[in-house]
$ cat model20.cif   # mmCIF, C-alpha atoms
data_work
#
loop_
_atom_site.group_PDB
_atom_site.id
_atom_site.type_symbol
_atom_site.label_atom_id
_atom_site.label_comp_id
_atom_site.auth_asym_id
_atom_site.auth_seq_id
_atom_site.Cartn_x
_atom_site.Cartn_y
_atom_site.Cartn_z
ATOM 1 C CA MET A 1 12.036 10.727 -9.717
ATOM 2 C CA PHE A 2 14.459 7.799 -9.301
ATOM 3 C CA GLY A 3 17.540 6.675 -11.136
ATOM 4 C CA ALA A 4 17.774 3.800 -13.534
ATOM 5 C CA ASP A 5 18.647 1.408 -10.684
ATOM 6 C CA LEU A 6 15.036 1.279 -9.432
ATOM 7 C CA HIS A 7 13.257 -1.714 -10.932
ATOM 8 C CA LEU A 8 9.493 -1.327 -10.865
ATOM 9 C CA PRO A 9 7.305 -4.331 -11.604
ATOM 10 C CA SER A 10 5.412 -4.348 -14.863
ATOM 11 C CA MET A 11 1.687 -4.896 -14.766
ATOM 12 C CA PRO A 12 1.118 -8.627 -15.330
ATOM 13 C CA PRO A 13 -0.030 -9.538 -18.858
ATOM 14 C CA ASN A 14 -3.753 -9.239 -19.572
ATOM 15 C CA THR A 15 -4.528 -7.408 -16.323
ATOM 16 C CA VAL A 16 -6.573 -4.315 -15.743
ATOM 17 C CA GLY A 17 -5.779 -2.093 -12.788
ATOM 18 C CA GLY A 18 -7.379 1.010 -11.357
ATOM 19 C CA SER A 19 -6.772 4.613 -12.294
ATOM 20 C CA ASN A 20 -5.793 7.393 -9.897
ATOM 21 C CA VAL A 21 -9.472 8.410 -9.656
ATOM 22 C CA GLU A 22 -10.569 4.836 -8.920
ATOM 23 C CA THR A 23 -7.841 4.484 -6.283
ATOM 24 C CA LEU A 24 -8.915 7.743 -4.638
ATOM 25 C CA ARG A 25 -12.557 6.588 -4.572
ATOM 26 C CA ARG A 26 -11.584 3.186 -3.141
ATOM 27 C CA LEU A 27 -9.491 4.811 -0.408
ATOM 28 C CA GLY A 28 -12.379 7.136 0.441
ATOM 29 C CA ARG A 29 -14.869 4.237 0.674
ATOM 30 C CA GLU A 30 -12.525 2.110 2.745
ATOM 31 C CA LEU A 31 -11.682 4.956 5.128
ATOM 32 C CA THR A 32 -15.424 5.471 5.640
ATOM 33 C CA LEU A 33 -15.839 1.753 6.429
ATOM 34 C CA ILE A 34 -12.880 1.911 8.832
ATOM 35 C CA ASN A 35 -14.237 5.039 10.523
ATOM 36 C CA ASN A 36 -17.621 3.283 10.918
ATOM 37 C CA GLY A 37 -15.992 0.188 12.447
ATOM 38 C CA GLU A 38 -17.027 -2.019 9.507
ATOM 39 C CA LEU A 39 -13.479 -2.738 8.303
ATOM 40 C CA ALA A 40 -10.100 -2.951 9.998
ATOM 41 C CA ALA A 41 -7.332 -1.114 8.148
ATOM 42 C CA ALA A 42 -4.713 -3.704 9.067
ATOM 43 C CA ASP A 43 -6.973 -6.558 7.887
ATOM 44 C CA ALA A 44 -7.381 -4.937 4.480
ATOM 45 C CA TYR A 45 -3.830 -3.689 3.920
ATOM 46 C CA ARG A 46 -1.436 -5.850 5.970
ATOM 47 C CA LEU A 47 -0.922 -9.272 4.416
ATOM 48 C CA TYR A 48 1.385 -12.220 4.904
ATOM 49 C CA HIS A 49 3.134 -13.843 1.941
ATOM 50 C CA PRO A 50 3.940 -17.387 3.109
ATOM 51 C CA THR A 51 5.386 -18.476 -0.233
ATOM 52 C CA ALA A 52 7.638 -15.495 -0.958
ATOM 53 C CA SER A 53 10.562 -16.544 -3.143
ATOM 54 C CA THR A 54 13.284 -16.152 -0.513
ATOM 55 C CA ARG A 55 11.328 -16.507 2.716
ATOM 56 C CA PRO A 56 7.868 -15.659 4.064
ATOM 57 C CA CYS A 57 7.217 -12.002 4.810
ATOM 58 C CA TRP A 58 4.665 -9.441 5.904
ATOM 59 C CA GLY A 59 3.826 -6.481 3.741
ATOM 60 C CA TYR A 60 1.244 -4.064 2.393
ATOM 61 C CA SER A 61 -1.438 -4.551 -0.228
ATOM 62 C CA LEU A 62 -1.249 -1.374 -2.309
ATOM 63 C CA GLU A 63 -3.313 -1.980 -5.433
ATOM 64 C CA ALA A 64 -5.225 -4.769 -7.077
ATOM 65 C CA ALA A 65 -5.712 -5.718 -10.695
ATOM 66 C CA ARG A 66 -7.801 -8.338 -12.423
ATOM 67 C CA GLU A 67 -6.581 -10.748 -15.096
ATOM 68 C CA ASP A 68 -8.922 -10.460 -18.094
ATOM 69 C CA ILE A 69 -9.199 -14.133 -19.037
ATOM 70 C CA THR A 70 -9.180 -15.964 -15.682
ATOM 71 C CA ASN A 71 -10.515 -13.102 -13.502
ATOM 72 C CA GLU A 72 -7.680 -13.862 -11.062
ATOM 73 C CA ILE A 73 -6.974 -10.968 -8.717
ATOM 74 C CA VAL A 74 -3.345 -9.913 -8.346
ATOM 75 C CA VAL A 75 -2.141 -7.548 -5.653
ATOM 76 C CA LEU A 76 0.710 -5.079 -5.764
ATOM 77 C CA PHE A 77 2.548 -6.197 -2.628
ATOM 78 C CA ARG A 78 5.220 -4.159 -0.861
ATOM 79 C CA SER A 79 7.248 -6.355 1.483
ATOM 80 C CA ASP A 80 8.421 -4.932 4.783
ATOM 81 C CA GLU A 81 12.065 -4.011 4.731
ATOM 82 C CA ASN A 82 12.557 -4.455 8.470
ATOM 83 C CA TYR A 83 10.723 -7.751 8.730
ATOM 84 C CA SER A 84 11.743 -9.524 5.528
ATOM 85 C CA TYR A 85 14.644 -9.660 3.164
ATOM 86 C CA ASP A 86 14.257 -6.337 1.339
ATOM 87 C CA ARG A 87 11.920 -3.583 0.271
ATOM 88 C CA ALA A 88 10.324 -4.830 -2.913
ATOM 89 C CA LEU A 89 7.236 -4.244 -4.989
ATOM 90 C CA ARG A 90 5.803 -7.211 -6.837
ATOM 91 C CA TRP A 91 2.511 -8.412 -8.237
ATOM 92 C CA VAL A 92 1.310 -11.446 -6.290
ATOM 93 C CA PRO A 93 -1.839 -13.529 -6.833
ATOM 94 C CA LEU A 94 -4.277 -12.740 -4.038
ATOM 95 C CA ALA A 95 -4.681 -16.480 -3.465
ATOM 96 C CA GLU A 96 -1.022 -16.632 -2.308
ATOM 97 C CA LEU A 97 -1.518 -14.023 0.417
ATOM 98 C CA ALA A 98 -2.974 -14.415 3.900
ATOM 99 C CA THR A 99 -4.744 -11.972 6.185
ATOM 100 C CA ARG A 100 -3.551 -11.517 9.766
ATOM 101 C CA LYS A 101 -6.079 -14.047 11.042
ATOM 102 C CA GLN A 102 -5.252 -16.598 8.309
ATOM 103 C CA ALA A 103 -1.521 -16.201 8.996
ATOM 104 C CA GLN A 104 -2.071 -16.877 12.680
ATOM 105 C CA LEU A 105 -4.394 -19.865 12.216
ATOM 106 C CA THR A 106 -2.768 -21.529 9.201
ATOM 107 C CA TYR A 107 0.917 -20.629 9.523
ATOM 108 C CA HIS A 108 1.109 -19.886 13.285
ATOM 109 C CA MET A 109 2.577 -16.482 12.454
ATOM 110 C CA GLN A 110 1.897 -13.446 14.597
ATOM 111 C CA GLU A 111 1.806 -10.193 12.695
ATOM 112 C CA VAL A 112 4.805 -7.950 12.962
ATOM 113 C CA GLY A 113 4.294 -4.386 11.946
ATOM 114 C CA PRO A 114 2.228 -1.338 12.747
ATOM 115 C CA ALA A 115 -0.918 -1.260 14.869
ATOM 116 C CA GLU A 116 -4.400 -0.631 13.474
ATOM 117 C CA ASP A 117 -4.371 3.110 14.221
ATOM 118 C CA VAL A 118 -1.059 3.522 12.385
ATOM 119 C CA VAL A 119 -2.301 1.745 9.245
ATOM 120 C CA HIS A 120 -5.499 3.820 9.424
ATOM 121 C CA GLU A 121 -3.462 7.043 9.583
ATOM 122 C CA ILE A 122 -1.249 5.895 6.672
ATOM 123 C CA LEU A 123 -4.387 5.324 4.583
ATOM 124 C CA GLY A 124 -5.426 8.900 5.319
ATOM 125 C CA VAL A 125 -2.073 10.100 3.987
ATOM 126 C CA PHE A 126 -2.520 7.899 0.905
ATOM 127 C CA ARG A 127 -5.976 9.387 0.283
ATOM 128 C CA ASP A 128 -4.455 12.872 0.343
ATOM 129 C CA VAL A 129 -1.615 11.779 -1.933
ATOM 130 C CA PHE A 130 -4.143 10.431 -4.415
ATOM 131 C CA GLU A 131 -6.054 13.715 -4.378
ATOM 132 C CA PHE A 132 -2.826 15.205 -5.685
ATOM 133 C CA ALA A 133 -2.193 12.257 -8.045
ATOM 134 C CA VAL A 134 -5.593 12.827 -9.662
ATOM 135 C CA ALA A 135 -5.010 16.577 -10.009
ATOM 136 C CA ALA A 136 -1.473 16.067 -11.368
ATOM 137 C CA ASN A 137 -2.450 13.057 -13.529
ATOM 138 C CA TRP A 138 0.252 10.764 -12.168
ATOM 139 C CA SER A 139 1.346 7.922 -14.408
ATOM 140 C CA HIS A 140 1.210 4.341 -13.171
ATOM 141 C CA GLU A 141 5.025 4.412 -12.933
ATOM 142 C CA LYS A 142 4.877 7.500 -10.711
ATOM 143 C CA ARG A 143 2.438 5.683 -8.386
ATOM 144 C CA LEU A 144 4.805 2.716 -8.186
ATOM 145 C CA GLU A 145 7.696 5.049 -7.357
ATOM 146 C CA PHE A 146 5.622 6.552 -4.537
ATOM 147 C CA TYR A 147 4.708 3.115 -3.154
ATOM 148 C CA HIS A 148 8.334 2.005 -3.299
ATOM 149 C CA SER A 149 9.675 5.099 -1.577
ATOM 150 C CA PHE A 150 7.009 5.509 1.132
ATOM 151 C CA PRO A 151 8.761 4.997 4.496
ATOM 152 C CA PHE A 152 6.371 2.415 5.988
ATOM 153 C CA GLU A 153 9.119 1.129 8.268
ATOM 154 C CA GLU A 154 9.460 4.537 9.928
ATOM 155 C CA MET A 155 5.719 4.839 10.571
ATOM 156 C CA THR A 156 5.700 3.020 13.915
ATOM 157 C CA SER A 157 3.107 5.188 15.655
ATOM 158 C CA LYS A 158 0.161 7.381 14.744
ATOM 159 C CA GLU A 159 2.205 10.356 15.934
ATOM 160 C CA ALA A 160 5.025 9.446 13.525
ATOM 161 C CA VAL A 161 2.587 9.405 10.598
ATOM 162 C CA ILE A 162 1.106 12.743 11.650
ATOM 163 C CA ALA A 163 4.620 14.215 11.988
ATOM 164 C CA PHE A 164 5.503 12.894 8.519
ATOM 165 C CA ARG A 165 2.579 14.684 6.798
ATOM 166 C CA PRO A 166 4.194 18.150 6.647
ATOM 167 C CA VAL A 167 7.494 16.624 5.498
ATOM 168 C CA LEU A 168 5.795 14.731 2.660
ATOM 169 C CA PHE A 169 3.492 17.511 1.536
ATOM 170 C CA GLY A 170 6.218 20.118 2.027
ATOM 171 C CA CYS A 171 8.523 18.556 -0.560
ATOM 172 C CA SER A 172 8.736 20.005 -4.071
ATOM 173 C CA ALA A 173 6.856 17.062 -5.608
ATOM 174 C CA PHE A 174 3.693 18.357 -3.888
ATOM 175 C CA GLU A 175 4.258 22.040 -4.606
ATOM 176 C CA ASP A 176 1.089 24.140 -4.171
ATOM 177 C CA PHE A 177 -0.890 21.180 -2.786
ATOM 178 C CA VAL A 178 -2.577 21.651 0.561
ATOM 179 C CA PRO A 179 -4.320 18.468 1.740
ATOM 180 C CA GLU A 180 -7.451 18.689 3.831
ATOM 181 C CA ILE A 181 -6.585 17.214 7.221
ATOM 182 C CA GLU A 182 -9.479 15.717 9.158
#

$ encode --input "model20.cif" --output "structure tokens"
Amino acid sequence: MFGADLHLPSMPPNTVGGSNVETLRRLGRELTLINNGELAAADAYRLYHPTASTRPCWGYSLEAAREDITNEIVVLFRSDENYSYDRALRWVPLAELATRKQAQLTYHMQEVGPAEDVVHEILGVFRDVFEFAVAANWSHEKRLEFYHSFPFEEMTSKEAVIAFRPVLFGCSAFEDFVPEIE
């Protein structure tokens, strides 16, 4: 999909991540919790990285993996391009990340980024993408390429996400796939 200049992070040593099927199930469960008002999409997926190597940044939690020996949870974190130094994917220990509320209380940082309804709509798109990923048996590298290339920064409103659906699912990578739209 991408040229040799794209550097995707390797899975940290001794970690176990989820499969496409597990990711699809998790997205389905979390969307149900969000729809029932039991979980906020932005609380689960928008995190603050106060100790980022160059400077603190906001970003998205995309996947999680568990280290076999210590049971430490690491998160695949995609930093915001518009609000930080660059668009990057990296594995970060969950203990180094802060939720919106923690960022406000501990670091006096207000969240910058999309509203709750936008993150909720993005998760719906991700669920549909993972329906395809399961059917097409995407590799872990292919998932990372998708996460890296997803235009989070352009998804500033629910309407923008809805307008992006036909563009995404109309491209050749999703040939013959018709997502069910709720």

$ residues_around --input "model20.cif" --residues "range 55-72 of chain A" --least-positions-apart "5" --cutoff "6 Å" --atoms "all atoms listed in the file" --output "PyMOL selection string"
chain A and resi 14-17+45-50+77-80+84

$ atom_distance --input "model20.cif" --atom1 "CA of Ile34 in chain A" --atom2 "CA of Glu131 in chain A"
19.0 Å

$ residues_near_point --input "model20.cif" --point "(8.1, 3.8, 5.7)" --cutoff "12 Å" --atoms "all atoms listed in the file" --output "list in words"
Gly59, Tyr60, Arg78, Ser79, Asp80, Glu81, Asn82, Arg87, Gly113, Pro114, Val118, Val119, Ile122, Phe146, Tyr147, His148, Ser149, Phe150, Pro151, Phe152, Glu153, Glu154, Met155, Thr156, Ser157, Ala160, Val161, Phe164 and Leu168 of chain A

$ atom_distance --input "model20.cif" --atom1 "CA of Phe174 in chain A" --atom2 "CA of Glu22 in chain A"
20.3 Å

$ residues_near_point --input "model20.cif" --point "(-0.4, 9.9, -7.3)" --cutoff "9 Å" --atoms "only C-alpha atoms" --output "list in words"
Asn20, Phe126, Val129, Phe130, Glu131, Phe132, Ala133, Val134, Ala135, Ala136, Asn137, Trp138, Ser139, His140, Lys142, Arg143, Leu144 and Phe146 of chain A

$ closest_residue --input "model20.cif" --among "A:Ala98, A:Ala88, A:Ala44, A:Ala115" --to "Pro9 in chain A" --atoms "all atoms listed in the file"
A:Ala88

$ resolve_selection --input "model20.cif" --expression "the PyMOL selection byres ((chain A and resi 31) around 10)" --output "short mmCIF file (atom, residue, chain, number, x, y, z; two decimals) with C-alpha atoms, keeping the file's coordinate frame"
data_model
loop_
_atom_site.label_atom_id
_atom_site.label_comp_id
_atom_site.auth_asym_id
_atom_site.auth_seq_id
_atom_site.Cartn_x
_atom_site.Cartn_y
_atom_site.Cartn_z
CA ARG A 25 -12.56 6.59 -4.57
CA ARG A 26 -11.58 3.19 -3.14
CA LEU A 27 -9.49 4.81 -0.41
CA GLY A 28 -12.38 7.14 0.44
CA ARG A 29 -14.87 4.24 0.67
CA GLU A 30 -12.52 2.11 2.74
CA THR A 32 -15.42 5.47 5.64
CA LEU A 33 -15.84 1.75 6.43
CA ILE A 34 -12.88 1.91 8.83
CA ASN A 35 -14.24 5.04 10.52
CA ASN A 36 -17.62 3.28 10.92
CA GLY A 37 -15.99 0.19 12.45
CA GLU A 38 -17.03 -2.02 9.51
CA LEU A 39 -13.48 -2.74 8.30
CA ALA A 40 -10.10 -2.95 10.00
CA ALA A 41 -7.33 -1.11 8.15
CA HIS A 120 -5.50 3.82 9.42
CA GLU A 121 -3.46 7.04 9.58
CA LEU A 123 -4.39 5.32 4.58
CA GLY A 124 -5.43 8.90 5.32
CA ARG A 127 -5.98 9.39 0.28
#

$ decode --input "model20.cif" --residues "range 148-159 of chain A" --atoms "N, CA, C and O atoms" --output "mmCIF file, in the first residue's frame"
data_model
loop_
_atom_site.group_PDB
_atom_site.id
_atom_site.type_symbol
_atom_site.label_atom_id
_atom_site.label_comp_id
_atom_site.auth_asym_id
_atom_site.auth_seq_id
_atom_site.Cartn_x
_atom_site.Cartn_y
_atom_site.Cartn_z
ATOM 1 N N HIS A 148 -2.339 4.576 10.143
ATOM 2 C CA HIS A 148 -1.449 5.697 9.820
ATOM 3 C C HIS A 148 -2.091 6.631 8.803
ATOM 4 O O HIS A 148 -1.970 7.851 8.895
ATOM 5 N N SER A 149 -2.782 6.057 7.829
ATOM 6 C CA SER A 149 -3.303 6.875 6.734
ATOM 7 C C SER A 149 -4.691 7.458 7.006
ATOM 8 O O SER A 149 -5.118 8.364 6.283
ATOM 9 N N PHE A 150 -5.396 6.989 8.030
ATOM 10 C CA PHE A 150 -6.744 7.498 8.275
ATOM 11 C C PHE A 150 -6.682 9.005 8.555
ATOM 12 O O PHE A 150 -5.905 9.454 9.393
ATOM 13 N N PRO A 151 -7.506 9.786 7.873
ATOM 14 C CA PRO A 151 -7.421 11.255 7.990
ATOM 15 C C PRO A 151 -8.165 11.824 9.210
ATOM 16 O O PRO A 151 -9.096 12.623 9.082
ATOM 17 N N PHE A 152 -7.745 11.435 10.404
ATOM 18 C CA PHE A 152 -8.389 11.930 11.625
ATOM 19 C C PHE A 152 -8.514 13.452 11.618
ATOM 20 O O PHE A 152 -9.539 13.999 12.029
ATOM 21 N N GLU A 153 -7.456 14.118 11.185
ATOM 22 C CA GLU A 153 -7.409 15.578 11.250
ATOM 23 C C GLU A 153 -8.486 16.238 10.401
ATOM 24 O O GLU A 153 -8.879 17.370 10.656
ATOM 25 N N GLU A 154 -8.959 15.538 9.371
ATOM 26 C CA GLU A 154 -9.995 16.084 8.503
ATOM 27 C C GLU A 154 -11.399 15.780 9.015
ATOM 28 O O GLU A 154 -12.374 16.315 8.498
ATOM 29 N N MET A 155 -11.503 14.931 10.013
ATOM 30 C CA MET A 155 -12.797 14.525 10.557
ATOM 31 C C MET A 155 -13.172 15.459 11.706
ATOM 32 O O MET A 155 -13.100 15.105 12.875
ATOM 33 N N THR A 156 -13.562 16.673 11.356
ATOM 34 C CA THR A 156 -13.840 17.709 12.364
ATOM 35 C C THR A 156 -15.308 17.785 12.756
ATOM 36 O O THR A 156 -15.646 18.480 13.709
ATOM 37 N N SER A 157 -16.167 17.095 12.030
ATOM 38 C CA SER A 157 -17.590 17.086 12.362
ATOM 39 C C SER A 157 -18.160 15.718 11.997
ATOM 40 O O SER A 157 -17.577 14.971 11.202
ATOM 41 N N LYS A 158 -19.303 15.420 12.590
ATOM 42 C CA LYS A 158 -19.986 14.158 12.273
ATOM 43 C C LYS A 158 -20.311 14.115 10.779
ATOM 44 O O LYS A 158 -20.169 13.074 10.139
ATOM 45 N N GLU A 159 -20.700 15.247 10.243
ATOM 46 C CA GLU A 159 -21.035 15.319 8.810
ATOM 47 C C GLU A 159 -19.821 15.023 7.942
ATOM 48 O O GLU A 159 -19.944 14.391 6.891
#
